[in-house]
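*Asks:* This is the structure I have questions about; it appears just below.
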Amino acid sequence: MPLQPHMQLISVDDHLIEHPKVWSDRLPQKYLEAGPKIIEWERPDNGQMCQVWQYEGRIYPYIGLNAVAGKKPEEYGIEPVRYDDMIPGCYDPKARVADMDIDGVQAMTCFPSFPRFAGAVFAEGEDKELALLCSQAWNDFHLDEWAATAPDRFVPVSMLPFWDLDASIKELHRVAAKGSKCVTFPDLPDRLGLPSLHSDHWDPLWSAFEETDLVLAQHFGSGGFPPPIASDAPFAVFIVLMGTISMGALTDWLFSPALHKHPKLKIGLSEGGIGWIPYILERCDSVWRKHRFYQNINQEVLPSDLFRKHFHGCFIEDDFGVEARDKIGIENITWECDYPHSDSYWPQSRERAAKAFENVPDDEVHQMVELNTRKLYNFPRAS
Amino acid sequence: MTPEDGGPVEQLPLDDWADQDLLTKDEARERLLIEIDRAKARLAELDENSPDDDAEITLLTRRLNAMESTRDEYDSYLRGK
């Protein structure tokens with residue numbers, strides 16, 4: 001059995017659901033009314049009462065699901081979800097650890113839900129002082145309350161007020177000092193109306209990432225860019241294509257000047273899968289070889305070499321990716337379980353991982369499920 | 001043919017864009033019931049074939065207890081719903 005009992009499973013992509021008091025416990029009095037809070041809300045289409053977030057008077061008609069972000073409320077097909085309907089491990093870190101024990105998972109990396117995967121909801125805020133405080137409040141909640149419950153079981157995550165570069169750099173240093181290991185940042189930031197990766201706008205922030213040695217995590221869809229599909233396509237098409245957002249984000253990085261100027265950047269492609277990586281690297285290298293003579297792109301380094309130096313992908317179930325691990329790079333692969341989304345195999349994650357790795361040498365399995373993540377995220381085993 | 005092999009499944013009366021992405025108590029309970037049965041079967045197998053394997057029996061028993069405790073919480077919630 002290649003997945004040995006001494007190997008600890010560390011997942012680099014999971015989610016938490018913010019409990020109702022995350023912001024009301026932390027925002028100044030003057031912002032309690034406008035800040036995010038849970039209210040009872042009657043759905044306009046069917047009159048059903050449900051619990052929703054309200055922020056600056058806007059209704060966000062989901063508390064646990066953000067795959068629907070970007071759709072109009074009348075297009076939501078979801079049944080209302082109340083906290084009582086959720087498993088407590090969604091919002092209670094002690095219950096989460098109990099579920100991790102059942103699942104055979106040692107540690108998780110939990111992304112936001114209501115603010116979206118990189119906090120883009122706060123970029124929509126009209127009051128930017130409030131938006132900054134909301135983003136900081138989420139970080140304080142995650143670092144002081146969620147991850148602090150079991151420091152050896154949660155890889156601490158933070159977000160940035162990315163609409164304000166100077167504030168982002170300041171916040172990055174603040175959360176690094178508080179013990180954060182990973183910062184979520186929107187993939188394809190231009191889709192949020194921000195400068196793209198090809199501009200020099202972000203250089204001071206990338207330098208701050210290098211100085212702090214934090215992982216820059218790009219969860220697919222964190223830039224709010226849905227895959228382009230027909231308006232009448234079934235949801236299945238959307239789900240299948242979500243991972244291709246990571247393909248787009250990676251290609252953007254590989255042809256931008258950023259990685260050449262910031263050789264120590266570490267970037268995680270969260271929840272994007274890995275099977276597609278050999279194809280896109282081959283394609284990037286081919287385009288680079290054939291077209292660089294008239295392109296304003298770096299002329300010296302192969303895109304695939306940049307990938308191996310800067311990126312790691314992750315997967316829940318990706319047999320093709322595991323087979324192609326040598327072409328991806330064993331050190332560029334990490335594991336995820338995506339709890340509490342229904343894509344996860346809870347409570348069989350460990351068993352499913354053992355099956356996925358049954359034909360892989362032990363030392364490579366150990367690298368992918370634990371050692372790569374401990375090294376990349378500076379998350380050593382507790383002594 | 002099982003549902004996993006592409007066999008027939010019960011169609012839910014939901015909109016095509018219904019998002020079922022969050023693990024709810026109903027689904028978590030269903031998954032736990034399956035896993036509890038598997039853990040019990042494995043324990044019975046150990047009792048019969050490897051009764052001296054205290055380490056695995058202890059670990060498995062602890063996991064089984066945790067799963068049963070969580071199942072009981074969900075049962076209690078779903079009965080009161």
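Residues in the structure tokens are named by chain (A, B, ... in the order shown) and by number from 1 within that chain; ligands are numbered from 1 in the order shown.
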For Gln51 of chain A, list every protein, DNA or RNA residue within 9 Å, evaluated using only C-alpha atoms, and leave out those in the same chain fewer than 3 positions away; present the list as a list in words.
*Replies:* Ile38, Ile39, Glu40, Trp41, Glu42, Pro61, Tyr62, Ile63, Pro80, Val81, Arg82 and Tyr83 of chain A
*Asks:* Go ahead and save the picked residues with C-alpha atoms, as a short mmCIF file (atom, residue, chain, number, x, y, z; two decimals), in the first residue's frame.
*Replies:*
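Saved as part39.cif:
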```
data_model
loop_
_atom_site.label_atom_id
_atom_site.label_comp_id
_atom_site.auth_asym_id
_atom_site.auth_seq_id
_atom_site.Cartn_x
_atom_site.Cartn_y
_atom_site.Cartn_z
CA ILE A 38 -27.31 37.30 8.39
CA ILE A 39 -30.97 38.19 7.94
CA GLU A 40 -34.16 36.25 7.30
CA TRP A 41 -35.20 36.87 3.69
CA GLU A 42 -38.23 35.92 1.66
CA PRO A 61 -28.82 34.95 -1.53
CA TYR A 62 -26.51 32.16 -0.46
CA ILE A 63 -24.74 31.39 2.77
CA PRO A 80 -32.47 27.80 0.51
CA VAL A 81 -29.77 26.65 2.90
CA ARG A 82 -29.96 27.46 6.58
CA TYR A 83 -27.15 26.99 9.08
#
```
*Asks:* May I have all residues of chain B that DSSP, computed from the backbone, assigns to helix (DSSP H, G or I), given as number ranges by chain?
*Replies:* B: 3-5, 25-49, 54-80
*Asks:* Would you list the contacts of segment 121-129 of chain A as a list in words, taking every protein, DNA or RNA residue within 7 Å and counting only C-alpha atoms, but skipping same-chain residues closer than 6 positions in sequence?
*Replies:*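 In the requested form, the answer reads Pro115, Ser135 and Trp163 of chain A.
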*Asks:* Within 12 Å of Ala177 of chain A, counting only C-alpha atoms, which residues qualify if same-chain residues fewer than 5 places away don't, as a list in words?
*Replies:*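 Selected residues are Asp140, Leu143, Pro156, Ser158, Lys170, Glu171, Leu172, Glu211, Thr212, Asp213 and Leu214 of chain A.
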*Asks:* Would you write out those residues with C-alpha atoms, as a PDB file, in the first residue's frame?
*Replies:*
```pdb
ATOM      1  CA  ASP A 140      -8.605  37.998  11.958  1.00  0.00           C
ATOM      2  CA  LEU A 143      -6.187  33.415  11.989  1.00  0.00           C
ATOM      3  CA  PRO A 156      -3.829  29.610   7.876  1.00  0.00           C
ATOM      4  CA  SER A 158      -5.834  35.249   4.369  1.00  0.00           C
ATOM      5  CA  LYS A 170       0.306  46.456   4.268  1.00  0.00           C
ATOM      6  CA  GLU A 171      -2.243  43.705   4.913  1.00  0.00           C
ATOM      7  CA  LEU A 172       0.046  41.063   3.453  1.00  0.00           C
ATOM      8  CA  GLU A 211       9.598  38.933   1.060  1.00  0.00           C
ATOM      9  CA  THR A 212       7.015  37.117   3.195  1.00  0.00           C
ATOM     10  CA  ASP A 213       7.414  33.756   1.412  1.00  0.00           C
ATOM     11  CA  LEU A 214       3.627  33.247   1.442  1.00  0.00           C
TER      12      LEU A 214
END
```
*Asks:* Expressed in Å to a single decimal, how great is the separation between atom CA of Asn298 of chain A and atom CA of Ile267 of chain A?
*Replies:* 19.2 Å
*Asks:* Under the rule that only C-alpha atoms are counted, which of B:Arg29, B:Arg63, B:Arg42, B:Lys81 is the nearest residue to chain A?
*Replies:* B:Arg63
*Asks:* Find the spatial neighbours of segment 280-290 of chain A, counting only C-alpha atoms, within a cut-off of 9 Å - ignore same-chain residues fewer than 3 positions away - and output them as a list in words.
*Replies:*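 That gives Met247, Leu250, Thr251, Leu254, Phe255, Trp276, Ile277, Phe293, Gln295, Ile297, Asn298, Gln299, Leu302, Pro303, Ser304, Phe307 and Ile328 of chain A.
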*Asks:* Could you take the residues named above and write them with C-alpha atoms, as a short mmCIF file (atom, residue, chain, number, x, y, z; two decimals), in the first residue's frame?
*Replies:*
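Resulting contents of again14.cif:
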```cif
data_model
loop_
_atom_site.label_atom_id
_atom_site.label_comp_id
_atom_site.auth_asym_id
_atom_site.auth_seq_id
_atom_site.Cartn_x
_atom_site.Cartn_y
_atom_site.Cartn_z
CA MET A 247 -5.70 26.79 -17.45
CA LEU A 250 -1.72 29.72 -15.66
CA THR A 251 -1.21 30.67 -19.32
CA LEU A 254 3.48 32.10 -18.03
CA PHE A 255 3.46 34.82 -20.71
CA TRP A 276 -4.54 19.24 -18.16
CA ILE A 277 -1.14 20.60 -17.12
CA PHE A 293 10.42 36.34 -32.37
CA GLN A 295 6.00 38.72 -29.46
CA ILE A 297 7.45 38.17 -24.27
CA ASN A 298 10.49 36.84 -22.47
CA GLN A 299 12.93 35.37 -25.00
CA LEU A 302 10.57 28.15 -21.56
CA PRO A 303 7.07 28.51 -20.08
CA SER A 304 7.26 24.92 -18.78
CA PHE A 307 5.73 26.40 -14.28
CA ILE A 328 3.92 17.67 -14.40
#
```
*Asks:* Please measure the separation of atom CA of Pro347 of chain A and atom CA of Ala217 of chain A, giving the value in Å to one decimal.
*Replies:*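 These two atoms are separated by 25.7 Å.
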*Asks:* With a distance cut-off of 7 Å and only C-alpha atoms, select the neighbouring residues of segment 331-344 of chain A, excluding the residue or stretch itself and same-chain residues fewer than 5 positions from it, and output the selection as a PDB file with C-alpha atoms, in the first residue's frame.
*Replies:*
```pdb
ATOM      1  CA  ILE A  10      -2.765  17.660   3.913  1.00  0.00           C
ATOM      2  CA  SER A  11      -5.391  19.214   1.710  1.00  0.00           C
ATOM      3  CA  VAL A  12      -4.656  22.544  -0.002  1.00  0.00           C
ATOM      4  CA  ASP A  13      -8.224  23.272  -1.028  1.00  0.00           C
ATOM      5  CA  ASP A  14     -11.181  23.262   1.336  1.00  0.00           C
ATOM      6  CA  HIS A  15     -13.811  25.731   2.376  1.00  0.00           C
ATOM      7  CA  CYS A  90     -18.913  23.800   7.744  1.00  0.00           C
ATOM      8  CA  ARG A 308       8.062  23.978 -12.512  1.00  0.00           C
ATOM      9  CA  PHE A 311       3.456  26.592  -9.512  1.00  0.00           C
ATOM     10  CA  HIS A 312       1.741  23.722  -7.812  1.00  0.00           C
ATOM     11  CA  GLY A 313      -1.562  22.171  -8.770  1.00  0.00           C
ATOM     12  CA  CYS A 314      -3.828  19.951  -6.722  1.00  0.00           C
ATOM     13  CA  PHE A 315      -6.420  17.296  -7.300  1.00  0.00           C
ATOM     14  CA  ILE A 316      -9.185  15.316  -5.622  1.00  0.00           C
ATOM     15  CA  SER A 349     -11.003  10.604   1.537  1.00  0.00           C
ATOM     16  CA  GLN A 367       5.635  14.029  -1.517  1.00  0.00           C
ATOM     17  CA  MET A 368       2.242  14.667  -3.107  1.00  0.00           C
ATOM     18  CA  VAL A 369       0.014  14.145  -0.059  1.00  0.00           C
ATOM     19  CA  ASN A 372       5.301  19.235  -0.915  1.00  0.00           C
ATOM     20  CA  THR A 373       2.631  21.133   0.998  1.00  0.00           C
TER      21      THR A 373
ATOM     22  CA  ASP B  21     -22.472  21.507  -4.042  1.00  0.00           C
ATOM     23  CA  LEU B  22     -22.716  21.675  -0.267  1.00  0.00           C
ATOM     24  CA  LEU B  23     -22.577  18.541   1.821  1.00  0.00           C
TER      25      LEU B  23
END
```
